[in-house]
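Enquirer: After the structure tokens below, expect a handful of questions from me.
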Amino acid sequence: MNKKLKTEAVDRLFDAILCLKTRDECYNFMEDLCTVNELLSLSQRFEVAAMLKSGSTYLEIAEKTGASTATISRVNRSLNYGNDGYEMVLDRMGASS
């Protein structure tokens with residue numbers, strides 16, 4: 001974990017996210033917290049991760065998601081060398097191959 005990221009403010013944000021119980025609550029909170037572009041960017045990265053995990057090519061991912069090859073590469077690097085956050089969530093969601 002990045003030590004610069006671990007702060008009381010980030011802990012409070014994560015605690016708030018963990019309090020959410022429904023998709024509608026998530027929409028309400030995230031729409032207040034993020035700009036539309038920030039939220040779409042986060043969802044795009046998550047979609048890229050799922051597609052990489054399922055074996056899609058960069059070209060397929062770029063065509064389906066509109067993500068740049070730089071974004072796809074960055075997500076791929078996180079999948080291969082990150083903290084296994086994508087892996088954990090995708091496995092829990094049953095989206096892992």
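Letters for chains follow the order of the structure tokens (A, B, ...), residue numbers begin at 1 for each chain, and ligand numbers begin at 1 in the order shown.
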Determine, counting only C-alpha atoms, which protein, DNA and RNA residues have an atom within 9 Å of an atom of range 85-90 of chain A; residues of the same chain fewer than 3 positions away are not included. Present the result as a list of chain:residue names.
Expert: A:Phe46, A:Ala49, A:Ala50, A:Lys53, A:Ser78, A:Leu79, A:Gly82, A:Met93, A:Gly94, A:Ala95, A:Ser96
Enquirer: Take the selection from the previous step and output its residues with N, CA and C atoms, as a PDB file, in the first residue's frame.
Expert:
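Generated output (result18.pdb):
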```pdb
ATOM      1  N   PHE A  46     -12.080   0.018 -14.579  1.00  0.00           N
ATOM      2  CA  PHE A  46     -12.551  -1.257 -14.041  1.00  0.00           C
ATOM      3  C   PHE A  46     -12.982  -2.188 -15.176  1.00  0.00           C
ATOM      4  N   ALA A  49      -9.888  -3.586 -16.768  1.00  0.00           N
ATOM      5  CA  ALA A  49      -9.315  -4.656 -15.944  1.00  0.00           C
ATOM      6  C   ALA A  49     -10.060  -5.969 -16.159  1.00  0.00           C
ATOM      7  N   ALA A  50     -11.373  -5.910 -16.178  1.00  0.00           N
ATOM      8  CA  ALA A  50     -12.174  -7.131 -16.380  1.00  0.00           C
ATOM      9  C   ALA A  50     -11.890  -7.739 -17.749  1.00  0.00           C
ATOM     10  N   LYS A  53      -8.423  -9.302 -17.823  1.00  0.00           N
ATOM     11  CA  LYS A  53      -8.466 -10.549 -17.056  1.00  0.00           C
ATOM     12  C   LYS A  53      -9.101 -11.677 -17.867  1.00  0.00           C
ATOM     13  N   SER A  78      -1.079  -2.534 -13.285  1.00  0.00           N
ATOM     14  CA  SER A  78      -1.657  -2.730 -11.951  1.00  0.00           C
ATOM     15  C   SER A  78      -2.086  -4.174 -11.734  1.00  0.00           C
ATOM     16  N   LEU A  79      -2.652  -4.786 -12.766  1.00  0.00           N
ATOM     17  CA  LEU A  79      -3.050  -6.197 -12.653  1.00  0.00           C
ATOM     18  C   LEU A  79      -1.843  -7.091 -12.406  1.00  0.00           C
ATOM     19  N   GLY A  82       0.522  -4.690  -9.231  1.00  0.00           N
ATOM     20  CA  GLY A  82      -0.110  -3.858  -8.206  1.00  0.00           C
ATOM     21  C   GLY A  82      -0.366  -4.606  -6.912  1.00  0.00           C
ATOM     22  N   MET A  93     -16.609 -10.876  -7.618  1.00  0.00           N
ATOM     23  CA  MET A  93     -17.752 -10.633  -8.503  1.00  0.00           C
ATOM     24  C   MET A  93     -17.971 -11.784  -9.478  1.00  0.00           C
ATOM     25  N   GLY A  94     -17.054 -12.730  -9.497  1.00  0.00           N
ATOM     26  CA  GLY A  94     -17.177 -13.854 -10.415  1.00  0.00           C
ATOM     27  C   GLY A  94     -16.809 -13.488 -11.837  1.00  0.00           C
ATOM     28  N   ALA A  95     -16.074 -12.388 -12.010  1.00  0.00           N
ATOM     29  CA  ALA A  95     -15.702 -11.928 -13.354  1.00  0.00           C
ATOM     30  C   ALA A  95     -14.330 -12.425 -13.755  1.00  0.00           C
ATOM     31  N   SER A  96     -13.712 -13.213 -12.939  1.00  0.00           N
ATOM     32  CA  SER A  96     -12.359 -13.696 -13.223  1.00  0.00           C
ATOM     33  C   SER A  96     -12.439 -14.909 -14.145  1.00  0.00           C
TER      34      SER A  96
END
```
Enquirer: Excluding same-chain residues fewer than 2 positions from range 8-19 of chain A, what lies within 10 Å of it counting only C-alpha atoms, as a list of chain:residue names?
Expert: A:Leu5, A:Lys6, A:Lys21, A:Thr22, A:Glu25, A:Cys26, A:Phe29, A:Met30, A:Leu33
Enquirer: Can you measure CA of Val48 in chain A to CA of Thr65 in chain A for me? One decimal in Å is fine.
Expert: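 Value for the CA of Val48 in chain A-CA of Thr65 in chain A distance: 7.2 Å.
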Enquirer: For a test of reading the model, state the distance in Å between CA of Ser43 in chain A and CA of Gly66 in chain A, rounded to one decimal.
Expert: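 Straight-line distance from CA of Ser43 in chain A to CA of Gly66 in chain A works out to 11.8 Å.
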Enquirer: Report as number ranges by chain: the residues of range 34-87 of chain A with a DSSP assignment of helix (DSSP H, G or I), based on the backbone of this structure.
Expert: A: 36-53, 58-65, 69-81, 85-87
Enquirer: So, counting only C-alpha atoms, which residue among A:Gln44, A:Thr35, A:Asn2, A:Thr7 is closest to Ile72 in chain A?
Expert: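 When distances to Ile72 in chain A are compared using only C-alpha atoms, the smallest one comes from A:Gln44.
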